[in-house]
Every structure is written in structure tokens, then in C-alpha cells.
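K.L.:
Below is the structure I would like to discuss, written out as C-alpha cells.
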Amino acid sequence: MNIEIERKFLIKELPLKFEETIHIRQYYLSNSQNLVQRLRIFNQEKAIMSFKEKTSKISKYEFEYTIPLKDANKMISIADVPFIDKKRHIIHIDSLKWEIDEFLDKNKGLIIAEVELKTENQPINIPNWIGKEVTDDRKYYNYNLALKPYILWL
């Protein structure tokens, strides 16, 4: 079990260099009042099943389990579930890991940066490529982007 503390921001422009880029397809298998279950496939090489608490706070319980890629692909072939497709760019600044999600497919054009913190009140230096904070705006939650993609906002 992990407690995730993160803040989300829109991006004004992409940074020039990344340490790593990962392709992620994220499928939403179930959604209850308090918990969302997702299946993520990374670079078509690794699959993780996760359960994430839904809350309006920036701290959330998150449970993650690696599963065989073959099983993940079979689940996807059976289920007709909402999903998102994105490239995640990783960059470290001031010992903080920034994950920049460049959305693809129906969310193309949307870029969001997330930074995970150790405490809710942890001070951070905001890089100049960061725009408006959207941590509390539910329309930017990945699950909501799977249901109502960015292209429908325009």
C-alpha cells in the first residue's frame, strides 16, 4: 500500500530534455464511489493492476500489483472499458520527480505535469514551463478524460 500525494499542473511548453519517456495505455475496469480500478500497460512490456482511492484531497491510497502481460492483454480483449493513451516524460528537478503526461488519441493536445510529494504542505519550486494548477479540477482526472476526452471540450 502506498499513499500518493500529488499535485497536477497544465503545461505552457514541454521542457527541452527528458530522462525517460514511457508509453502508457490505461484502462479503467471499475469505478465505485470510493475506489477506481485500473490496468496500465507500460511500453507493451509490463502490466500493473492498481486500485486508487477517490478523494478531493491531494493524498490518496494506492494499491499496485504487477500482473502477467498476457493476462492484461486478455482482460483488455474481453472488456469494453474506457481508456486513455499517453506518453509519460520523466524529469527530476530539485530532487522531485515530475511526470509529464502528453496525451494521445482523443486527448491529443492536452499535457499535464504531476509531481509527487512527501507531505501535503511540501514547498516546491515551480518550473517556468508549468502553467495553471489543476489538482482540484476533476475534469483533468485521468478517469474523467477516458469518459469525456479533451477533443470534446473544444
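Quick note on naming: the chains in the C-alpha cells go A, B, ... in the order shown, residues restart at 1 in each chain, and ligands are numbered from 1 in order of appearance.
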I want to know what sits within 12 Å of Thr21 (chain A), based on only C-alpha atoms, with residues of the same chain fewer than 2 positions away left out; could you give that as a ChimeraX atom specification?

P.N.:
/A:17-19,23-24,42-43,86-91,98-102

K.L.:
Could you write those residues out with N, CA, C and O atoms, as a PDB file, in the first residue's frame?

P.N.:
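Final output, result_13.pdb:
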ATOM      1  N   LYS A  17      14.482  18.628 -22.439  1.00  0.00           N
ATOM      2  CA  LYS A  17      15.056  17.292 -22.287  1.00  0.00           C
ATOM      3  C   LYS A  17      14.284  16.489 -21.247  1.00  0.00           C
ATOM      4  O   LYS A  17      13.820  17.035 -20.250  1.00  0.00           O
ATOM      5  N   PHE A  18      14.182  15.187 -21.498  1.00  0.00           N
ATOM      6  CA  PHE A  18      13.581  14.252 -20.556  1.00  0.00           C
ATOM      7  C   PHE A  18      14.595  13.179 -20.223  1.00  0.00           C
ATOM      8  O   PHE A  18      15.449  12.841 -21.033  1.00  0.00           O
ATOM      9  N   GLU A  19      14.461  12.607 -19.032  1.00  0.00           N
ATOM     10  CA  GLU A  19      15.328  11.497 -18.650  1.00  0.00           C
ATOM     11  C   GLU A  19      14.815  10.179 -19.201  1.00  0.00           C
ATOM     12  O   GLU A  19      15.582   9.256 -19.452  1.00  0.00           O
ATOM     13  N   HIS A  23       5.477   4.860 -22.858  1.00  0.00           N
ATOM     14  CA  HIS A  23       4.131   4.837 -23.447  1.00  0.00           C
ATOM     15  C   HIS A  23       3.219   4.072 -22.488  1.00  0.00           C
ATOM     16  O   HIS A  23       3.542   2.966 -22.066  1.00  0.00           O
ATOM     17  N   ILE A  24       2.078   4.674 -22.131  1.00  0.00           N
ATOM     18  CA  ILE A  24       1.145   4.056 -21.181  1.00  0.00           C
ATOM     19  C   ILE A  24      -0.246   4.006 -21.807  1.00  0.00           C
ATOM     20  O   ILE A  24      -0.748   5.010 -22.300  1.00  0.00           O
ATOM     21  N   PHE A  42       2.684  -0.648 -19.762  1.00  0.00           N
ATOM     22  CA  PHE A  42       3.826   0.237 -19.986  1.00  0.00           C
ATOM     23  C   PHE A  42       4.679  -0.303 -21.135  1.00  0.00           C
ATOM     24  O   PHE A  42       5.209  -1.419 -21.043  1.00  0.00           O
ATOM     25  N   ASN A  43       4.794   0.485 -22.207  1.00  0.00           N
ATOM     26  CA  ASN A  43       5.639   0.140 -23.366  1.00  0.00           C
ATOM     27  C   ASN A  43       5.349  -1.259 -23.909  1.00  0.00           C
ATOM     28  O   ASN A  43       6.252  -1.910 -24.439  1.00  0.00           O
ATOM     29  N   LYS A  86      -1.230   7.662 -23.508  1.00  0.00           N
ATOM     30  CA  LYS A  86      -0.365   8.815 -23.272  1.00  0.00           C
ATOM     31  C   LYS A  86       1.105   8.430 -23.292  1.00  0.00           C
ATOM     32  O   LYS A  86       1.463   7.264 -23.138  1.00  0.00           O
ATOM     33  N   LYS A  87       1.928   9.457 -23.523  1.00  0.00           N
ATOM     34  CA  LYS A  87       3.374   9.327 -23.338  1.00  0.00           C
ATOM     35  C   LYS A  87       3.697  10.037 -22.032  1.00  0.00           C
ATOM     36  O   LYS A  87       3.293  11.187 -21.841  1.00  0.00           O
ATOM     37  N   ARG A  88       4.417   9.349 -21.161  1.00  0.00           N
ATOM     38  CA  ARG A  88       4.825   9.960 -19.895  1.00  0.00           C
ATOM     39  C   ARG A  88       6.309  10.267 -19.974  1.00  0.00           C
ATOM     40  O   ARG A  88       7.136   9.384 -20.169  1.00  0.00           O
ATOM     41  N   HIS A  89       6.626  11.553 -19.833  1.00  0.00           N
ATOM     42  CA  HIS A  89       8.008  12.009 -19.825  1.00  0.00           C
ATOM     43  C   HIS A  89       8.421  12.243 -18.373  1.00  0.00           C
ATOM     44  O   HIS A  89       7.678  12.873 -17.615  1.00  0.00           O
ATOM     45  N   ILE A  90       9.599  11.758 -18.016  1.00  0.00           N
ATOM     46  CA  ILE A  90      10.103  11.877 -16.641  1.00  0.00           C
ATOM     47  C   ILE A  90      11.257  12.868 -16.606  1.00  0.00           C
ATOM     48  O   ILE A  90      12.150  12.831 -17.459  1.00  0.00           O
ATOM     49  N   ILE A  91      11.206  13.743 -15.598  1.00  0.00           N
ATOM     50  CA  ILE A  91      12.292  14.695 -15.376  1.00  0.00           C
ATOM     51  C   ILE A  91      12.392  14.941 -13.865  1.00  0.00           C
ATOM     52  O   ILE A  91      11.381  14.984 -13.169  1.00  0.00           O
ATOM     53  N   TRP A  98       9.085  14.805 -11.643  1.00  0.00           N
ATOM     54  CA  TRP A  98       7.962  15.353 -12.400  1.00  0.00           C
ATOM     55  C   TRP A  98       7.609  14.356 -13.483  1.00  0.00           C
ATOM     56  O   TRP A  98       8.479  13.882 -14.222  1.00  0.00           O
ATOM     57  N   GLU A  99       6.319  14.022 -13.582  1.00  0.00           N
ATOM     58  CA  GLU A  99       5.819  13.149 -14.624  1.00  0.00           C
ATOM     59  C   GLU A  99       4.932  13.997 -15.537  1.00  0.00           C
ATOM     60  O   GLU A  99       3.916  14.534 -15.092  1.00  0.00           O
ATOM     61  N   ILE A 100       5.357  14.134 -16.780  1.00  0.00           N
ATOM     62  CA  ILE A 100       4.647  14.977 -17.736  1.00  0.00           C
ATOM     63  C   ILE A 100       3.895  14.061 -18.693  1.00  0.00           C
ATOM     64  O   ILE A 100       4.502  13.320 -19.466  1.00  0.00           O
ATOM     65  N   ASP A 101       2.576  14.084 -18.593  1.00  0.00           N
ATOM     66  CA  ASP A 101       1.739  13.236 -19.433  1.00  0.00           C
ATOM     67  C   ASP A 101       1.301  13.991 -20.678  1.00  0.00           C
ATOM     68  O   ASP A 101       0.562  14.972 -20.594  1.00  0.00           O
ATOM     69  N   GLU A 102       1.789  13.524 -21.820  1.00  0.00           N
ATOM     70  CA  GLU A 102       1.409  14.071 -23.117  1.00  0.00           C
ATOM     71  C   GLU A 102       0.362  13.114 -23.693  1.00  0.00           C
ATOM     72  O   GLU A 102       0.686  12.002 -24.125  1.00  0.00           O
TER      73      GLU A 102
END

K.L.:
Would you give me, as JSON lines, each residue of region 1-66 of chain A having an atom within 12 Å of an atom of region 103-110 of chain A, along with its shortest atom pair and that distance in Å to one decimal, using only C-alpha atoms and sorting by chain and residue number?

P.N.:
{"residue": "A:Phe9", "atom": "CA", "partner": "A:Leu110", "partner_atom": "CA", "distance": 11.0}
{"residue": "A:Leu10", "atom": "CA", "partner": "A:Leu110", "partner_atom": "CA", "distance": 8.1}
{"residue": "A:Ile11", "atom": "CA", "partner": "A:Leu110", "partner_atom": "CA", "distance": 8.5}
{"residue": "A:Lys12", "atom": "CA", "partner": "A:Leu110", "partner_atom": "CA", "distance": 10.5}
{"residue": "A:Glu13", "atom": "CA", "partner": "A:Leu110", "partner_atom": "CA", "distance": 11.0}
{"residue": "A:Leu14", "atom": "CA", "partner": "A:Leu110", "partner_atom": "CA", "distance": 11.3}
{"residue": "A:Ile22", "atom": "CA", "partner": "A:Phe103", "partner_atom": "CA", "distance": 11.8}
{"residue": "A:His23", "atom": "CA", "partner": "A:Leu104", "partner_atom": "CA", "distance": 9.9}
{"residue": "A:Ile24", "atom": "CA", "partner": "A:Phe103", "partner_atom": "CA", "distance": 9.6}
{"residue": "A:Arg25", "atom": "CA", "partner": "A:Leu104", "partner_atom": "CA", "distance": 9.8}
{"residue": "A:Gln26", "atom": "CA", "partner": "A:Phe103", "partner_atom": "CA", "distance": 11.2}

K.L.:
Selected residues, C-alpha atoms, written as a PDB file, in the first residue's frame, please.

P.N.:
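Below you can see out.pdb, which holds the result:
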ATOM      1  CA  PHE A   9      -0.490  21.371 -13.463  1.00  0.00           C
ATOM      2  CA  LEU A  10      -1.148  22.293 -17.068  1.00  0.00           C
ATOM      3  CA  ILE A  11       1.962  22.799 -19.180  1.00  0.00           C
ATOM      4  CA  LYS A  12       2.805  26.000 -21.035  1.00  0.00           C
ATOM      5  CA  GLU A  13       5.534  24.269 -23.045  1.00  0.00           C
ATOM      6  CA  LEU A  14       7.385  20.974 -22.881  1.00  0.00           C
ATOM      7  CA  ILE A  22       7.200   5.697 -21.387  1.00  0.00           C
ATOM      8  CA  HIS A  23       4.131   4.837 -23.447  1.00  0.00           C
ATOM      9  CA  ILE A  24       1.145   4.056 -21.181  1.00  0.00           C
ATOM     10  CA  ARG A  25      -2.276   2.680 -22.049  1.00  0.00           C
ATOM     11  CA  GLN A  26      -4.503   2.966 -19.011  1.00  0.00           C
TER      12      GLN A  26
END

K.L.:
Would you work out the distance separating CA of Lys132 (chain A) from CA of Glu6 (chain A), expressed in Å to one decimal?

P.N.:
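For CA of Lys132 (chain A) relative to CA of Glu6 (chain A), the distance reads 14.8 Å.
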
K.L.:
Could you list, as a short mmCIF file (atom, residue, chain, number, x, y, z; two decimals) with all heavy atoms, in the first residue's frame, every residue within 12 Å of Asp80 (chain A), counting only C-alpha atoms and ignoring same-chain residues fewer than 3 positions away?

P.N.:
data_model
loop_
_atom_site.label_atom_id
_atom_site.label_comp_id
_atom_site.auth_asym_id
_atom_site.auth_seq_id
_atom_site.Cartn_x
_atom_site.Cartn_y
_atom_site.Cartn_z
N TYR A 27 -6.41 1.49 -18.72
CA TYR A 27 -7.79 1.02 -18.85
C TYR A 27 -8.48 1.09 -17.49
O TYR A 27 -7.90 0.71 -16.47
CB TYR A 27 -7.80 -0.43 -19.35
CG TYR A 27 -7.15 -0.58 -20.70
CD1 TYR A 27 -5.78 -0.76 -20.82
CD2 TYR A 27 -7.91 -0.53 -21.86
CE1 TYR A 27 -5.18 -0.88 -22.05
CE2 TYR A 27 -7.31 -0.66 -23.11
CZ TYR A 27 -5.94 -0.84 -23.19
OH TYR A 27 -5.34 -0.96 -24.42
N TYR A 28 -9.73 1.52 -17.49
CA TYR A 28 -10.50 1.63 -16.25
C TYR A 28 -11.50 0.50 -16.18
O TYR A 28 -12.50 0.47 -16.90
CB TYR A 28 -11.17 3.01 -16.19
CG TYR A 28 -10.10 4.05 -15.99
CD1 TYR A 28 -9.51 4.68 -17.07
CD2 TYR A 28 -9.64 4.34 -14.72
CE1 TYR A 28 -8.49 5.59 -16.89
CE2 TYR A 28 -8.61 5.25 -14.53
CZ TYR A 28 -8.05 5.87 -15.62
OH TYR A 28 -7.02 6.76 -15.44
N LEU A 29 -11.22 -0.47 -15.30
CA LEU A 29 -12.01 -1.69 -15.21
C LEU A 29 -13.25 -1.52 -14.35
O LEU A 29 -14.28 -2.12 -14.63
CB LEU A 29 -11.14 -2.84 -14.68
CG LEU A 29 -9.87 -3.11 -15.50
CD1 LEU A 29 -9.08 -4.24 -14.87
CD2 LEU A 29 -10.20 -3.41 -16.95
N SER A 30 -13.13 -0.75 -13.28
CA SER A 30 -14.31 -0.49 -12.45
C SER A 30 -14.14 0.84 -11.73
O SER A 30 -13.03 1.33 -11.55
CB SER A 30 -14.55 -1.62 -11.44
OG SER A 30 -13.58 -1.61 -10.43
N LYS A 74 -5.35 -10.16 -22.33
CA LYS A 74 -6.57 -10.95 -22.43
C LYS A 74 -7.74 -10.19 -21.79
O LYS A 74 -8.84 -10.15 -22.35
CB LYS A 74 -6.39 -12.32 -21.75
CG LYS A 74 -7.58 -13.24 -21.92
CD LYS A 74 -7.83 -13.52 -23.40
CE LYS A 74 -8.98 -14.47 -23.60
NZ LYS A 74 -9.29 -14.69 -25.01
N MET A 75 -7.52 -9.57 -20.61
CA MET A 75 -8.57 -8.79 -19.96
C MET A 75 -9.06 -7.68 -20.88
O MET A 75 -10.27 -7.45 -21.00
CB MET A 75 -8.06 -8.18 -18.65
CG MET A 75 -8.02 -9.14 -17.50
SD MET A 75 -7.59 -8.26 -15.99
CE MET A 75 -6.01 -8.96 -15.66
N ILE A 76 -8.13 -7.01 -21.54
CA ILE A 76 -8.48 -5.90 -22.43
C ILE A 76 -9.28 -6.40 -23.62
O ILE A 76 -10.23 -5.75 -24.07
CB ILE A 76 -7.20 -5.17 -22.90
CG1 ILE A 76 -6.56 -4.45 -21.73
CG2 ILE A 76 -7.52 -4.20 -24.02
CD1 ILE A 76 -5.13 -4.07 -21.97
N SER A 77 -8.93 -7.59 -24.14
CA SER A 77 -9.64 -8.12 -25.30
C SER A 77 -11.08 -8.53 -24.94
O SER A 77 -11.95 -8.51 -25.79
CB SER A 77 -8.89 -9.32 -25.89
OG SER A 77 -9.03 -10.46 -25.06
N PHE A 83 -10.52 4.00 -21.71
CA PHE A 83 -9.07 4.02 -21.53
C PHE A 83 -8.51 5.35 -22.01
O PHE A 83 -9.17 6.12 -22.70
CB PHE A 83 -8.40 2.86 -22.29
CG PHE A 83 -8.42 3.01 -23.77
CD1 PHE A 83 -7.35 3.58 -24.45
CD2 PHE A 83 -9.51 2.58 -24.51
CE1 PHE A 83 -7.37 3.72 -25.82
CE2 PHE A 83 -9.54 2.72 -25.90
CZ PHE A 83 -8.47 3.28 -26.54
#

K.L.:
Point out the residue among A:Trp153, A:Thr119, A:Phe63, A:Glu20 with the least atom-to-atom distance to Lys139 (chain A), counting only C-alpha atoms.

P.N.:
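Ranking A:Trp153, A:Thr119, A:Phe63, A:Glu20 by distance to Lys139 (chain A), first place goes to A:Trp153.
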
K.L.:
Would you kindly return, as a list in words, each protein, DNA or RNA residue with an atom no farther than 6 Å from any atom of Glu62 (chain A), considering only C-alpha atoms and excluding same-chain residues fewer than 5 positions away?

P.N.:
Asn2, Ile3, Phe51 and Lys52 of chain A
